[in-house]
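Chemist: As input, take final_6.txt (compact mmCIF, C-alpha atoms):
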# COMPACT_ATOMS: atom_id res chain seq x y z
CA GLU A 1 22.37 -41.58 2.65
CA ARG A 2 22.51 -38.25 4.49
CA LEU A 3 19.84 -36.75 2.24
CA LEU A 4 17.63 -39.80 2.64
CA SER A 5 17.98 -39.55 6.40
CA ASP A 6 17.00 -35.86 6.23
CA LEU A 7 13.91 -36.67 4.15
CA ARG A 8 12.79 -39.32 6.60
CA ARG A 9 13.25 -36.96 9.53
CA MET A 10 11.23 -34.24 7.74
CA ALA A 11 8.41 -36.72 7.09
CA ALA A 12 8.27 -37.97 10.68
CA ALA A 13 5.09 -36.00 11.36
CA VAL A 14 3.17 -37.61 8.50
CA PRO A 15 0.29 -39.75 9.88
CA ARG A 16 0.98 -43.49 9.82
CA ASP A 17 -1.98 -44.18 7.52
CA VAL A 18 -0.48 -42.00 4.76
CA PRO A 19 1.91 -44.00 2.50
CA VAL A 20 5.21 -42.17 1.94
CA GLU A 21 7.85 -42.89 -0.69
CA PHE A 22 11.27 -41.23 -0.79
CA CYS A 23 13.13 -40.53 -4.01
CA ILE A 24 16.50 -38.88 -4.55
CA GLN A 25 17.60 -38.22 -8.14
CA GLU A 26 20.67 -36.64 -9.67
CA ALA A 27 19.95 -34.45 -12.68
CA GLY A 28 21.49 -31.72 -14.79
CA PHE A 29 18.37 -29.56 -14.51
CA VAL A 30 16.24 -29.82 -11.41
CA HIS A 31 13.02 -28.58 -13.01
CA GLU A 32 13.21 -31.15 -15.80
CA GLU A 33 13.65 -34.00 -13.33
CA ILE A 34 10.69 -32.83 -11.25
CA VAL A 35 8.47 -32.79 -14.36
CA ALA A 36 9.78 -36.25 -15.34
CA GLN A 37 8.91 -37.60 -11.89
CA LEU A 38 5.39 -36.20 -12.20
CA GLY A 39 4.90 -38.34 -15.27
CA ALA A 40 6.51 -41.41 -13.70
CA THR A 41 4.39 -41.23 -10.54
CA HIS A 42 1.14 -40.01 -12.20
CA ALA A 43 0.88 -37.35 -9.50
CA ASP A 44 -2.23 -35.16 -9.47
CA LEU A 45 -0.72 -32.47 -7.22
CA LEU A 46 2.78 -31.02 -6.95
CA VAL A 47 3.84 -29.06 -3.85
CA LEU A 48 6.84 -26.74 -4.05
CA GLY A 49 8.44 -24.14 -1.85
CA THR A 50 9.89 -20.95 -3.28
CA HIS A 51 12.63 -18.77 -1.82
CA GLY A 52 11.53 -15.52 -3.47
CA ARG A 53 14.66 -14.91 -5.56
CA SER A 54 14.71 -11.39 -7.01
CA GLY A 55 16.72 -9.05 -9.17
CA PHE A 56 19.48 -10.16 -11.53
CA GLN A 57 19.30 -13.88 -10.69
CA ARG A 58 15.55 -14.12 -11.23
CA LEU A 59 15.63 -12.08 -14.43
CA PHE A 60 18.31 -14.14 -16.15
CA LEU A 61 18.09 -17.50 -14.43
CA GLY A 62 14.48 -17.74 -13.39
CA SER A 63 13.74 -20.20 -10.58
CA VAL A 64 13.05 -23.91 -10.35
CA THR A 65 9.47 -23.20 -9.25
CA GLU A 66 8.69 -20.90 -12.19
CA LYS A 67 10.28 -23.26 -14.71
CA VAL A 68 8.30 -26.21 -13.35
CA ILE A 69 5.01 -24.30 -13.47
CA ARG A 70 5.46 -23.73 -17.20
CA LYS A 71 5.59 -27.48 -17.87
CA THR A 72 3.76 -29.33 -15.13
CA PRO A 73 0.56 -31.08 -16.27
CA CYS A 74 -1.06 -31.08 -12.82
CA PRO A 75 -1.99 -28.35 -10.33
CA THR A 76 0.95 -26.96 -8.34
CA LEU A 77 0.72 -25.68 -4.78
CA VAL A 78 3.46 -23.09 -4.22
CA VAL A 79 4.33 -22.33 -0.59
CA PRO A 80 6.21 -19.01 -0.23
CA PRO A 81 8.67 -18.20 2.57
CA ARG A 82 6.17 -15.88 4.28
CA ALA A 83 3.38 -18.47 4.47
CA PRO A 84 2.26 -19.21 8.05
CA ASP A 85 3.82 -22.22 9.73
CA VAL A 86 1.69 -25.35 9.96
CA PRO A 87 1.88 -27.15 13.33
CA ALA A 88 3.01 -30.76 12.97
CA GLY A 89 0.09 -33.16 12.78
CA SER A 90 -2.51 -30.41 12.28
CA PRO A 91 -4.88 -30.71 9.33
CA ILE A 92 -4.63 -27.99 6.69
CA GLN A 93 -8.00 -26.50 5.84
CA PHE A 94 -8.20 -23.41 3.68
CA ARG A 95 -11.02 -21.28 5.08
CA ARG A 96 -10.63 -18.07 3.06
CA ILE A 97 -9.91 -18.73 -0.61
CA LEU A 98 -9.31 -16.07 -3.25
CA CYS A 99 -9.66 -17.18 -6.89
CA ALA A 100 -8.52 -14.80 -9.64
CA VAL A 101 -10.45 -15.13 -12.91
CA ASP A 102 -9.60 -13.42 -16.21
CA PHE A 103 -12.09 -15.64 -18.14
CA SER A 104 -9.31 -17.57 -19.90
CA GLU A 105 -9.71 -21.35 -20.04
CA SER A 106 -6.99 -21.90 -17.45
CA SER A 107 -8.65 -19.48 -15.01
CA LEU A 108 -11.99 -21.28 -15.46
CA ASP A 109 -10.25 -24.54 -14.60
CA ALA A 110 -8.78 -22.81 -11.55
CA LEU A 111 -12.26 -21.65 -10.52
CA ALA A 112 -13.57 -25.21 -10.69
CA HIS A 113 -10.78 -26.32 -8.34
CA ALA A 114 -11.44 -23.40 -6.00
CA ILE A 115 -15.16 -24.14 -5.81
CA ASN A 116 -14.53 -27.82 -5.02
CA MET A 117 -12.05 -26.94 -2.28
CA ALA A 118 -14.37 -24.32 -0.79
CA GLU A 119 -17.27 -26.77 -0.74
CA GLU A 120 -15.15 -29.43 0.99
CA ALA A 121 -14.05 -27.00 3.72
CA ASP A 122 -17.28 -24.97 3.95
CA ALA A 123 -15.03 -22.01 3.23
CA GLN A 124 -15.40 -18.39 2.19
CA LEU A 125 -14.62 -18.12 -1.54
CA THR A 126 -13.98 -14.77 -3.20
CA VAL A 127 -13.95 -14.80 -7.01
CA LEU A 128 -11.98 -11.81 -8.25
CA HIS A 129 -11.71 -10.20 -11.67
CA VAL A 130 -9.26 -7.36 -12.28
CA VAL A 131 -9.98 -4.88 -15.06
CA GLU A 132 -6.59 -3.85 -16.43
CA PHE A 133 -6.73 -0.96 -18.92
CA PRO A 134 -3.78 -0.14 -21.21
CA PRO A 135 -1.58 2.50 -19.53
CA MET A 136 -2.07 4.89 -22.45
CA LEU A 137 -5.72 5.41 -21.50
CA ASN A 138 -4.70 6.77 -18.11
CA GLU A 139 -1.80 8.75 -19.52
CA GLU A 140 -3.90 10.36 -22.28
CA PRO A 141 -7.35 10.94 -20.72
CA THR A 142 -8.23 13.48 -23.40
CA LEU A 143 -8.02 11.09 -26.36
CA PRO A 144 -10.83 11.97 -28.78
CA ALA A 145 -13.96 9.79 -28.78
CA VAL A 146 -12.89 7.96 -25.59
CA ASP A 147 -15.23 8.28 -22.60
CA LEU A 148 -12.98 6.67 -20.01
CA SER A 149 -15.49 6.76 -17.16
CA ARG A 150 -18.13 5.06 -19.28
CA LEU A 151 -15.52 2.52 -20.44
CA ARG A 152 -14.62 1.74 -16.84
CA GLU A 153 -18.24 1.42 -15.80
CA ALA A 154 -19.06 -0.90 -18.70
CA ALA A 155 -16.02 -3.12 -18.05
CA ALA A 156 -16.83 -3.43 -14.35
CA SER A 157 -20.50 -4.20 -15.04
CA ASP A 158 -19.60 -6.79 -17.66
CA GLY A 159 -17.08 -8.40 -15.30
CA ARG A 160 -19.59 -8.66 -12.45
CA ARG A 161 -22.20 -10.21 -14.73
CA LYS A 162 -19.76 -12.80 -16.09
CA LEU A 163 -18.55 -13.74 -12.62
CA GLU A 164 -22.07 -14.27 -11.32
CA GLU A 165 -22.85 -16.49 -14.30
CA LEU A 166 -19.82 -18.67 -13.53
CA ILE A 167 -20.91 -19.57 -9.98
CA PRO A 168 -23.15 -22.67 -9.88
CA GLU A 169 -26.17 -22.13 -7.67
CA GLU A 170 -25.51 -25.35 -5.73
CA ALA A 171 -22.05 -24.07 -4.77
CA ARG A 172 -23.66 -21.43 -2.53
CA THR A 173 -25.30 -24.25 -0.57
CA TYR A 174 -21.99 -25.73 0.55
CA CYS A 175 -19.81 -22.63 0.89
CA THR A 176 -20.01 -18.84 1.00
CA VAL A 177 -19.25 -17.20 -2.35
CA ASP A 178 -18.84 -13.55 -3.18
CA THR A 179 -17.54 -11.81 -6.29
CA ALA A 180 -15.40 -8.71 -6.69
CA VAL A 181 -14.36 -6.59 -9.67
CA VAL A 182 -11.55 -4.06 -9.24
CA GLU A 183 -9.36 -2.00 -11.57
CA GLY A 184 -5.58 -1.88 -11.66
CA ARG A 185 -2.51 -3.99 -12.34
CA ALA A 186 -3.72 -7.56 -12.03
CA TYR A 187 -0.99 -8.97 -9.78
CA ARG A 188 -1.01 -5.96 -7.47
CA GLU A 189 -4.77 -6.11 -6.99
CA ILE A 190 -4.72 -9.88 -6.41
CA LEU A 191 -2.10 -9.47 -3.70
CA ARG A 192 -3.92 -6.49 -2.18
CA GLN A 193 -7.26 -8.31 -2.09
CA ALA A 194 -5.62 -11.40 -0.57
CA THR A 195 -4.10 -9.25 2.18
CA GLU A 196 -7.27 -7.29 2.91
CA ARG A 197 -9.40 -10.44 3.02
CA GLN A 198 -6.79 -12.38 5.02
CA SER A 199 -6.91 -15.14 2.42
CA ASP A 200 -5.08 -18.34 3.30
CA LEU A 201 -5.02 -19.58 -0.32
CA ILE A 202 -4.87 -17.92 -3.74
CA VAL A 203 -6.02 -20.00 -6.73
CA MET A 204 -4.99 -18.97 -10.25
CA GLY A 205 -4.79 -20.29 -13.78
CA HIS A 206 -1.63 -20.18 -15.83
CA GLY A 207 -1.51 -20.35 -19.60
CA ARG A 208 0.64 -17.65 -21.21
CA GLY A 209 3.14 -18.56 -23.88
CA ALA A 210 6.91 -18.82 -23.51
CA PHE A 211 7.58 -15.59 -25.45
CA ASP A 212 5.38 -13.49 -23.19
CA LEU A 213 6.91 -15.06 -20.10
CA LEU A 214 10.44 -14.38 -21.35
CA LEU A 215 9.84 -10.70 -22.02
CA PHE A 216 7.19 -9.66 -19.55
CA GLY A 217 6.79 -12.34 -16.90
CA SER A 218 3.20 -13.12 -15.99
CA THR A 219 0.59 -12.22 -13.40
CA THR A 220 0.95 -15.71 -11.94
CA HIS A 221 4.71 -15.40 -11.44
CA HIS A 222 4.43 -11.92 -9.94
CA VAL A 223 1.90 -13.24 -7.42
CA ILE A 224 3.89 -16.29 -6.31
CA ARG A 225 7.00 -14.13 -5.80
CA ALA A 226 5.23 -11.73 -3.41
CA SER A 227 2.38 -13.70 -1.86
CA ALA A 228 2.20 -14.23 1.90
CA CYS A 229 0.00 -17.32 1.56
CA PRO A 230 0.17 -20.51 -0.54
CA VAL A 231 -0.79 -20.19 -4.21
CA LEU A 232 -2.44 -23.02 -6.15
CA ILE A 233 -1.58 -22.82 -9.85
CA VAL A 234 -3.83 -24.63 -12.31
CA ARG A 235 -2.29 -24.91 -15.75
CA ARG A 236 -4.48 -25.58 -18.77
CA SER A 237 -3.62 -29.03 -20.16
Please re-express this file's structure in structure tokens.

Modeler:
Amino acid sequence: ERLLSDLRRMAAAVPRDVPVEFCIQEAGFVHEEIVAQLGATHADLLVLGTHGRSGFQRLFLGSVTEKVIRKTPCPTLVVPPRAPDVPAGSPIQFRRILCAVDFSESSLDALAHAINMAEEADAQLTVLHVVEFPPMLNEEPTLPAVDLSRLREAAASDGRRKLEELIPEEARTYCTVDTAVVEGRAYREILRQATERQSDLIVMGHGRGAFDLLLFGSTTHHVIRASACPVLIVRRS
């Protein structure tokens, strides 16, 4: 009863014309119950906060948010602790959207979502591709038969061409779209670009396997842990 009262108080600012249902469940694993409720309610968007757990706990225990993202069938909007406050009753409109594309199927799905959102809000959409070379190329610049500068130039040119081909011409009628190709660690460059462009939303795909996530994490998880703005995760069905 106390929790239900808290939920109702938190939802007091919701406009009267928006139907609200409250649900409190007891479960052994929180992330599994959230995923189960997604199926039961046929939700097409999940919104989660994250507390930015780090170090030992994150490494060995993970977090509810990261575990849910691996299994949720619908897009997930992750709101980090450093995201700007939203005044009660004010509409949320994302005006500066950054969409990271690595040309995987999940990132192309994410781009489709980003374009639709940008068109609805008449927003500025930046489509970003990060060229991430294996560390050994930078550590061993004198490897025989490797022209690193030419390799970098070709990768950047190819990335720009692919990005331009992905943007429908009609999208530029309803929103402002630009593309960017940079080199570096993917998650670091995504966060840096979001900060420099004062983005109020990052849109990303998510599709790596469980083994990779266990051993190495993922670009998506690195971004949601450190982002200062909400992150919309689109997972390939």

Chemist: Measuring atom to atom with only C-alpha atoms, identify which of A:Ala118, A:Ile224, A:Ala156, A:Leu191 is nearest to A:Asp178.

Modeler: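 Checking each candidate against A:Asp178, we get A:Ala118 as the closest.
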
Chemist: In the coordinate frame of the file, compute which residues have an atom within 8 Å of (1.1, -16.0, 0.7) when using all atoms listed in the file, and state them as a PyMOL selection string.

Modeler: chain A and resi 79-80+82-83+200-202+224+226-231

Chemist: Would you work out the distance separating atom CA of A:Asp102 from atom CA of A:Val64, expressed in Å to one decimal?

Modeler: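 Separation of atom CA of A:Asp102 and atom CA of A:Val64: 25.6 Å.
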
Chemist: With distances taken over only C-alpha atoms, which residue among A:Ile97, A:Asp158, A:Ser90, A:His222 lies nearest A:Ala194?

Modeler: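 Smallest distance to A:Ala194 is found for A:Ile97.
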
Chemist: Kindly give the distance, in Å, that separates atom CA of A:Glu196 and atom CA of A:Val223, rounded to a single decimal.

Modeler: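 Atom CA of A:Glu196 sits 15.0 Å away from atom CA of A:Val223.
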
Chemist: Let me have the centre and edge lengths in Å, one decimal, of the box along x, y and z around every listed atom of stretch 168-182 of chain A with 5 Å of margin on each side, as JSON.

Modeler:
{"center_x": -18.9, "center_y": -14.9, "center_z": -4.4, "size_x": 24.6, "size_y": 31.7, "size_z": 20.9}

Chemist: Which value, in Å to one decimal, gives the distance between atom CA of A:Val203 and atom CA of A:Thr179?

Modeler: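 Between atom CA of A:Val203 and atom CA of A:Thr179 the gap works out to 14.1 Å.
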
Chemist: Kindly indicate which residue among A:Glu21, A:Ala114, A:Phe103, A:Thr195 lies nearest to A:Glu165, using only C-alpha atoms for the distances.

Modeler: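 Nearest to A:Glu165: A:Phe103.
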
Chemist: Using only C-alpha atoms, which of A:Pro87, A:Ala123, A:Arg225, A:Leu46 sits nearest A:Ser63?

Modeler: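 Among A:Pro87, A:Ala123, A:Arg225, A:Leu46, it is A:Arg225 that comes nearest to A:Ser63.
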
Chemist: Nearest to A:His113: which of A:Leu45, A:Ile24, A:Ala180, A:Leu163 is it, counting all atoms listed in the file?

Modeler: A:Leu45
